[in-house]
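For reference, the structure discussed in these notes is given below.
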Amino acid sequence: MSTRDFLFEIGTEELPPKALSSLSAALEQNITAGLQRATLEFDASRRYATPRRLAVMVNGLQDQQSDKSIERLGPAVKEAFDGEGNPTKAALGFARSCGVELADLGRLEKDGVEKLAFSSTEQGRPSTDLLPDIVRAALAQLPIPKQMRWGSSRIEFVRPVHWAVMILGKETITTSVLGIESSNFSFGHRFHYNKAIQIDDAANYEKLLEETGGIIPDFDKRKELIRQLVTEEGNRAQATAVIDESLLDEVTGLVEYPVALTGHFEEHFLEVPAEALILTMKAHQKCFYVTDENDCLLPRFITVSNIVSKDPSQVVQGNERVIRPRLADARFFYETDKQRTLQSRTGRLKNIVFQEKLGSVYDKSERVAVLAANIAKQIGGDPTLCSRAARLSKCDLLTKMVGEFAELQGLMGYYYALHEGEPEELANALHEQYKPRFAGDGLPETTTGTTLALADKLDSMVGIFGIGESPTGSKDPFALRRAAIGILRIIVENKLDLNILECIELAESGFVDIDLQPSTSGEVFEFVLDRFKSWYLEEGVSSEVFQSVFVLKPQRPLDFHKRIVAVHNFNSLPESAALAAANKRVSNLLAKQDPAIQHLVVNQDLLQDPAEILLFDELQAKVLEVAPMFENGSYKDGLQSLASLKTSVDTFFDEVLVMCEDKSLQANRLALLQQLRNLFLQSADISYLHNN
């Protein structure tokens, strides 16, 4: 069957730059999915996106659907005719539904029953007939949160539509797309070639737009060109252009043909914290910043223009004129904020609501101050310093700088605290309190910052759970899942020997005048431990290994982690499967007995069989050997040592009848098995490693 390339392009007013890439990807996916549903085969697809267009190219598309064989089965022959051979209503109805005479029906045997059958071939439809509806459906399914209307039309799209191109090979498919009649005319660069461009062949689309229209339609190609141009501008200045990927995506969505230019600003602006200047350049002007060999900010910026100017200096000067007032605003905010201390702002925190039922940000800061002091005592921190850090931790929320750039909360607290002469440890803690902010983010490096981060997250979790607003499904407005992972990372990676349940209970005790649900501490504890599961699964630890430790509910996350590492290692040993199966068997046996069996002591005088004597002797030796290992948290060494019990355990189950008629012998053997199980339970319940 013959094939041709298919091109669809829709031209609009400037599309939202941050959403351009995702809209383009969705359009390609929707169109190819529509082709697959229509059973139209093709070789490959490719997407294009500029600020004023979305396009999809499908290579090697079938000219029409393949013919389809249709076979329908009707009633059984014995039900299709009566005793005299006359057709029944069922037979006549089936023939009528197939659009043929009864005599045209065939017969086919299925599952041993002969039935009436109808066979035909449905001819495939031309692609040109199917493509308009496929495209319209693809556009309707785009993830557009807020649509627009334009003119007097009631048609809606992300931006007003100006043209549409639909071509199969060299053939133009004429149809209506969002109120516009499709053609084979696209348009060039708004400034360099604001004219119609006739697409004579779909295969020539990209070449025509680049060579005639002054446009680079391929988003990824344009993005990499911008990366190259910005890097070269930095190199030309013997500096480093810092390229933020999200900003690079946004800038790629703003230009159709990029030109990188370097501008300058006055050095006195560098007195403002670099982060504030960088945010100003990125957020307001979409510019890339430049650093020297020491990673210090330089008074330069790189902007990406959408035109090739005859006089680039005019473009640079224009950008400098625009960026200077923005930087001046940042300097004004910074200088104004420094006129008041963080301490002087604490009272105003009472006017900021943390959560309606949990009081103000001031109330939260006071709770965190008490909790941080308690945690500090356990990890070698300074309780007084931690309390003060907690009370100052949210004051920068009231500054002009954070009011303008919410991303700077914590960081501006750090700068203002240093300016006011606060200890550097405290200043760092104000910045570190929000760490880790995201997966892979760094952890607090100071003890005070570590303490404050833990206390702040614990207070939020306990409070939100306590008022019954715990995360449900995909909804987690207070980011408690992220907070829980943050708590675990801080404790485990910093090797802090903290009892998380005790910390949760301490946090709960801080809600003096707020009634929390009675089950709060238990729910938060379970929630925090359960976050371990996703952590370990990402690291290749099986859910069985996780469950073997989780079932014991270790209250110290660092201890929990050590057990997981040990069981994961044990699970790879050749002896693990047999010992896990034995533990499962022992668990099932003991579950049917009186719970008092757990407290029975093995009577050595009642041991008769050589296999049980051997197991008893080895257990006594192992108790002495692994006790100090488990006590010191050396679970990996302890489990590796217990792996040598495999032979004696296997022999015991092969040769000893546990549930014998002699009740005293039976109880003694159960007590021996209980001792075996208790020995392993000091690290984990390895019976969970046995799936059968």
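Here, A, B, ... name the chains of the structure tokens in the order displayed, residue numbers run from 1 inside each chain, and ligands are numbered from 1 in the same displayed order.
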- Residues flagged strand (DSSP E or B) by DSSP in range 47-160 of chain A, as a ChimeraX atom specification: /A:47-50,53-62,64,68-76,81,87,106-110,113-122,126,148-149,156-157
Residues from the last selection, N, CA and C atoms, saved as a short mmCIF file (atom, residue, chain, number, x, y, z; two decimals), in the first residue's frame:
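result_26.cif was written with the following content:
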data_model
loop_
_atom_site.label_atom_id
_atom_site.label_comp_id
_atom_site.auth_asym_id
_atom_site.auth_seq_id
_atom_site.Cartn_x
_atom_site.Cartn_y
_atom_site.Cartn_z
N ARG A 47 7.31 16.16 16.25
CA ARG A 47 6.55 17.35 16.63
C ARG A 47 7.38 18.62 16.44
N TYR A 48 6.67 19.72 16.20
CA TYR A 48 7.29 21.04 16.07
C TYR A 48 6.51 22.01 16.94
N ALA A 49 7.22 23.03 17.45
CA ALA A 49 6.54 24.03 18.27
C ALA A 49 7.34 25.32 18.31
N THR A 50 6.67 26.42 18.02
CA THR A 50 7.25 27.75 18.19
C THR A 50 6.20 28.58 18.93
N ARG A 53 2.99 28.51 16.77
CA ARG A 53 2.51 27.34 16.02
C ARG A 53 2.76 26.05 16.80
N LEU A 54 1.88 25.09 16.55
CA LEU A 54 2.06 23.70 16.96
C LEU A 54 1.92 22.86 15.70
N ALA A 55 2.83 21.92 15.50
CA ALA A 55 2.76 21.11 14.28
C ALA A 55 3.20 19.68 14.57
N VAL A 56 2.66 18.76 13.79
CA VAL A 56 3.03 17.35 13.89
C VAL A 56 3.24 16.81 12.48
N MET A 57 4.37 16.13 12.28
CA MET A 57 4.66 15.46 11.02
C MET A 57 4.59 13.96 11.25
N VAL A 58 3.83 13.26 10.40
CA VAL A 58 3.74 11.80 10.47
C VAL A 58 4.33 11.25 9.19
N ASN A 59 5.41 10.52 9.29
CA ASN A 59 6.10 9.97 8.11
C ASN A 59 5.56 8.60 7.73
N GLY A 60 5.43 8.37 6.43
CA GLY A 60 5.04 7.06 5.93
C GLY A 60 3.65 6.64 6.34
N LEU A 61 2.69 7.56 6.26
CA LEU A 61 1.31 7.25 6.63
C LEU A 61 0.59 6.55 5.48
N GLN A 62 -0.14 5.49 5.80
CA GLN A 62 -0.92 4.76 4.79
C GLN A 62 -1.91 5.69 4.08
N GLN A 64 -4.68 4.73 2.83
CA GLN A 64 -6.01 4.34 3.28
C GLN A 64 -5.90 3.15 4.23
N LYS A 68 -10.83 -4.83 5.82
CA LYS A 68 -11.06 -5.61 7.03
C LYS A 68 -12.06 -6.74 6.74
N SER A 69 -11.67 -7.97 7.09
CA SER A 69 -12.59 -9.11 6.94
C SER A 69 -13.54 -9.14 8.12
N ILE A 70 -14.83 -9.24 7.81
CA ILE A 70 -15.85 -9.26 8.86
C ILE A 70 -16.56 -10.61 8.84
N GLU A 71 -16.65 -11.23 9.97
CA GLU A 71 -17.34 -12.51 10.07
C GLU A 71 -18.30 -12.45 11.26
N ARG A 72 -19.58 -12.70 10.99
CA ARG A 72 -20.58 -12.68 12.05
C ARG A 72 -21.24 -14.04 12.16
N LEU A 73 -21.44 -14.49 13.39
CA LEU A 73 -22.12 -15.76 13.62
C LEU A 73 -23.54 -15.50 14.07
N GLY A 74 -24.45 -16.27 13.52
CA GLY A 74 -25.85 -16.14 13.87
C GLY A 74 -26.32 -17.30 14.74
N PRO A 75 -27.60 -17.59 14.73
CA PRO A 75 -28.15 -18.68 15.55
C PRO A 75 -27.68 -20.05 15.05
N ALA A 76 -27.76 -21.04 15.95
CA ALA A 76 -27.43 -22.42 15.55
C ALA A 76 -28.40 -22.86 14.46
N PHE A 81 -34.03 -23.20 11.69
CA PHE A 81 -35.07 -23.80 10.85
C PHE A 81 -35.95 -24.70 11.70
N PRO A 87 -37.41 -21.34 7.60
CA PRO A 87 -36.59 -20.46 8.46
C PRO A 87 -37.39 -19.89 9.62
N GLY A 106 -23.80 -18.27 4.99
CA GLY A 106 -23.09 -19.54 5.01
C GLY A 106 -23.28 -20.23 6.35
N ARG A 107 -22.51 -21.30 6.55
CA ARG A 107 -22.57 -22.04 7.81
C ARG A 107 -21.15 -22.27 8.31
N LEU A 108 -21.02 -22.21 9.65
CA LEU A 108 -19.68 -22.37 10.24
C LEU A 108 -19.83 -23.09 11.57
N GLU A 109 -18.94 -24.03 11.80
CA GLU A 109 -18.99 -24.78 13.05
C GLU A 109 -18.08 -24.10 14.09
N LYS A 110 -18.64 -23.91 15.27
CA LYS A 110 -17.85 -23.33 16.36
C LYS A 110 -18.24 -24.03 17.66
N VAL A 113 -20.82 -26.67 17.40
CA VAL A 113 -22.19 -26.31 17.01
C VAL A 113 -22.15 -25.63 15.65
N GLU A 114 -22.97 -26.11 14.73
CA GLU A 114 -23.04 -25.50 13.41
C GLU A 114 -23.98 -24.30 13.47
N LYS A 115 -23.45 -23.14 12.99
CA LYS A 115 -24.23 -21.90 13.08
C LYS A 115 -24.30 -21.24 11.71
N LEU A 116 -25.34 -20.38 11.56
CA LEU A 116 -25.39 -19.53 10.38
C LEU A 116 -24.26 -18.52 10.47
N ALA A 117 -23.67 -18.15 9.35
CA ALA A 117 -22.53 -17.24 9.36
C ALA A 117 -22.61 -16.28 8.17
N PHE A 118 -22.10 -15.09 8.39
CA PHE A 118 -22.05 -14.09 7.33
C PHE A 118 -20.63 -13.56 7.23
N SER A 119 -20.05 -13.60 6.06
CA SER A 119 -18.68 -13.12 5.84
C SER A 119 -18.70 -12.03 4.79
N SER A 120 -17.91 -10.98 5.04
CA SER A 120 -17.79 -9.91 4.06
C SER A 120 -16.47 -9.19 4.27
N THR A 121 -16.16 -8.32 3.37
CA THR A 121 -14.93 -7.52 3.47
C THR A 121 -15.31 -6.05 3.51
N GLU A 122 -14.87 -5.38 4.56
CA GLU A 122 -15.12 -3.94 4.68
C GLU A 122 -13.94 -3.20 4.08
N PRO A 126 -10.21 6.03 2.82
CA PRO A 126 -9.02 6.85 2.52
C PRO A 126 -8.59 7.65 3.75
N MET A 148 -9.56 30.25 25.66
CA MET A 148 -9.95 31.61 25.28
C MET A 148 -10.99 31.57 24.17
N ARG A 149 -11.80 32.63 24.11
CA ARG A 149 -12.66 32.88 22.96
C ARG A 149 -12.18 34.16 22.29
N GLU A 156 -13.36 27.81 21.30
CA GLU A 156 -12.38 28.04 22.36
C GLU A 156 -11.09 27.29 22.06
N PHE A 157 -9.97 27.94 22.40
CA PHE A 157 -8.66 27.30 22.30
C PHE A 157 -7.73 28.06 23.24
#
- Message: DSSP on the backbone, alpha helix (DSSP H) only: what residues of range 180-387 of chain A does that give? Format it as a PyMOL selection string.
- Response: chain A and resi 205-211+219-236+245-252+274-285+312-337+361-379+383-387
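Remark: for Thr303 in chain A, the closest of the candidate residues A:His284, A:Tyr415, A:Val259, A:Leu665 is A:Val259 (distances computed over only C-alpha atoms).
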- Query: Do you know which residues are at most 9 Å from Gln674 in chain A counting only C-alpha atoms, after dropping those on the same chain fewer than 5 positions away, and could you put them as a VMD selection string?
  - Reply: chain A and resid 586 to 587 590 597 to 600 669 679
Residues of range 435-487 of chain A at most 10 Å from range 496-512 of chain A: nearest atom pair and distance in Å, only C-alpha atoms, as JSON lines:
{"residue": "A:Leu454", "atom": "CA", "partner": "A:Cys503", "partner_atom": "CA", "distance": 9.2}
{"residue": "A:Ala455", "atom": "CA", "partner": "A:Ala507", "partner_atom": "CA", "distance": 7.7}
{"residue": "A:Asp456", "atom": "CA", "partner": "A:Ala507", "partner_atom": "CA", "distance": 9.5}
{"residue": "A:Lys457", "atom": "CA", "partner": "A:Ala507", "partner_atom": "CA", "distance": 9.9}
{"residue": "A:Leu458", "atom": "CA", "partner": "A:Ala507", "partner_atom": "CA", "distance": 6.5}
{"residue": "A:Asp459", "atom": "CA", "partner": "A:Ala507", "partner_atom": "CA", "distance": 5.7}
{"residue": "A:Ser460", "atom": "CA", "partner": "A:Ala507", "partner_atom": "CA", "distance": 9.2}
{"residue": "A:Met461", "atom": "CA", "partner": "A:Ile504", "partner_atom": "CA", "distance": 8.8}
{"residue": "A:Val462", "atom": "CA", "partner": "A:Glu508", "partner_atom": "CA", "distance": 6.2}
{"residue": "A:Gly463", "atom": "CA", "partner": "A:Glu508", "partner_atom": "CA", "distance": 7.5}
{"residue": "A:Gly466", "atom": "CA", "partner": "A:Glu508", "partner_atom": "CA", "distance": 8.4}
{"residue": "A:Ile487", "atom": "CA", "partner": "A:Ile500", "partner_atom": "CA", "distance": 9.2}
Could you write those residues out with N, CA and C atoms, as a compact mmCIF listing (two decimals), in the first residue's frame?
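Result written to part.txt:
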# COMPACT_ATOMS: atom_id res chain seq x y z
N LEU A 454 13.71 19.40 61.47
CA LEU A 454 12.94 18.29 62.03
C LEU A 454 11.73 18.80 62.81
N ALA A 455 11.95 19.78 63.68
CA ALA A 455 10.87 20.28 64.53
C ALA A 455 9.76 20.92 63.70
N ASP A 456 10.13 21.69 62.69
CA ASP A 456 9.14 22.37 61.86
C ASP A 456 8.28 21.36 61.10
N LYS A 457 8.91 20.35 60.53
CA LYS A 457 8.16 19.33 59.77
C LYS A 457 7.27 18.50 60.70
N LEU A 458 7.80 18.14 61.86
CA LEU A 458 7.01 17.33 62.81
C LEU A 458 5.79 18.10 63.30
N ASP A 459 5.96 19.38 63.59
CA ASP A 459 4.83 20.19 64.06
C ASP A 459 3.74 20.24 63.00
N SER A 460 4.12 20.44 61.75
CA SER A 460 3.12 20.50 60.67
C SER A 460 2.39 19.17 60.54
N MET A 461 3.15 18.07 60.55
CA MET A 461 2.53 16.76 60.36
C MET A 461 1.56 16.42 61.49
N VAL A 462 2.01 16.63 62.71
CA VAL A 462 1.16 16.30 63.86
C VAL A 462 -0.09 17.17 63.87
N GLY A 463 0.08 18.45 63.59
CA GLY A 463 -1.07 19.35 63.59
C GLY A 463 -2.09 19.00 62.53
N GLY A 466 -3.71 15.77 63.27
CA GLY A 466 -4.52 15.91 64.48
C GLY A 466 -5.89 16.50 64.24
N ILE A 487 12.13 14.08 56.89
CA ILE A 487 12.46 13.68 58.26
C ILE A 487 13.30 12.42 58.26
- Distance criterion (only C-alpha atoms): nearest to Ala581 in chain A out of A:Leu516, A:Leu430, A:Leu689, A:Val361: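 Counting only C-alpha atoms, the residue closest to Ala581 in chain A is A:Leu689.
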- Selection: 9 Å around range 209-226 of chain A, only C-alpha atoms, excl. self and same-chain fewer than 4 positions, as number ranges by chain: A: 20-21, 24, 46-50, 53-55, 186-189, 192-197, 204-205, 230-231, 248-249, 251-253, 255-260, 304
- Query: Which is closer to Leu607 in chain A than all the others in A:Gln666, A:Asn374, A:Ser176, A:Gln339, using only C-alpha atoms?
  - Reply: A:Gln666
- Kindly indicate which residue among A:Arg482, A:Gly34, A:Gln355, A:Ser66 lies nearest to Gln123 in chain A, using only C-alpha atoms for the distances.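 Closest to Gln123 in chain A, using only C-alpha atoms: A:Ser66.
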- Query: Which of these residues is nearest to Ala372 in chain A, using only C-alpha atoms: A:Gly449, A:Ala26, A:Glu432, A:Arg481?
  - Reply: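 Residue with the minimum atom-to-atom distance to Ala372 in chain A: A:Gly449.
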- Message: Residues near Ala621 in chain A, anyone? I mean within 12 Å using only C-alpha atoms, not counting same-chain ones fewer than 6 positions away, as a PyMOL selection string.
- Response: chain A and resi 614-615+627+641-642+644-645+676+679
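For the choices A:Asp5, A:Ile302, A:Cys395, A:Ala439, the atom-to-atom distance to Glu538 in chain A is smallest for A:Ala439 when using only C-alpha atoms.
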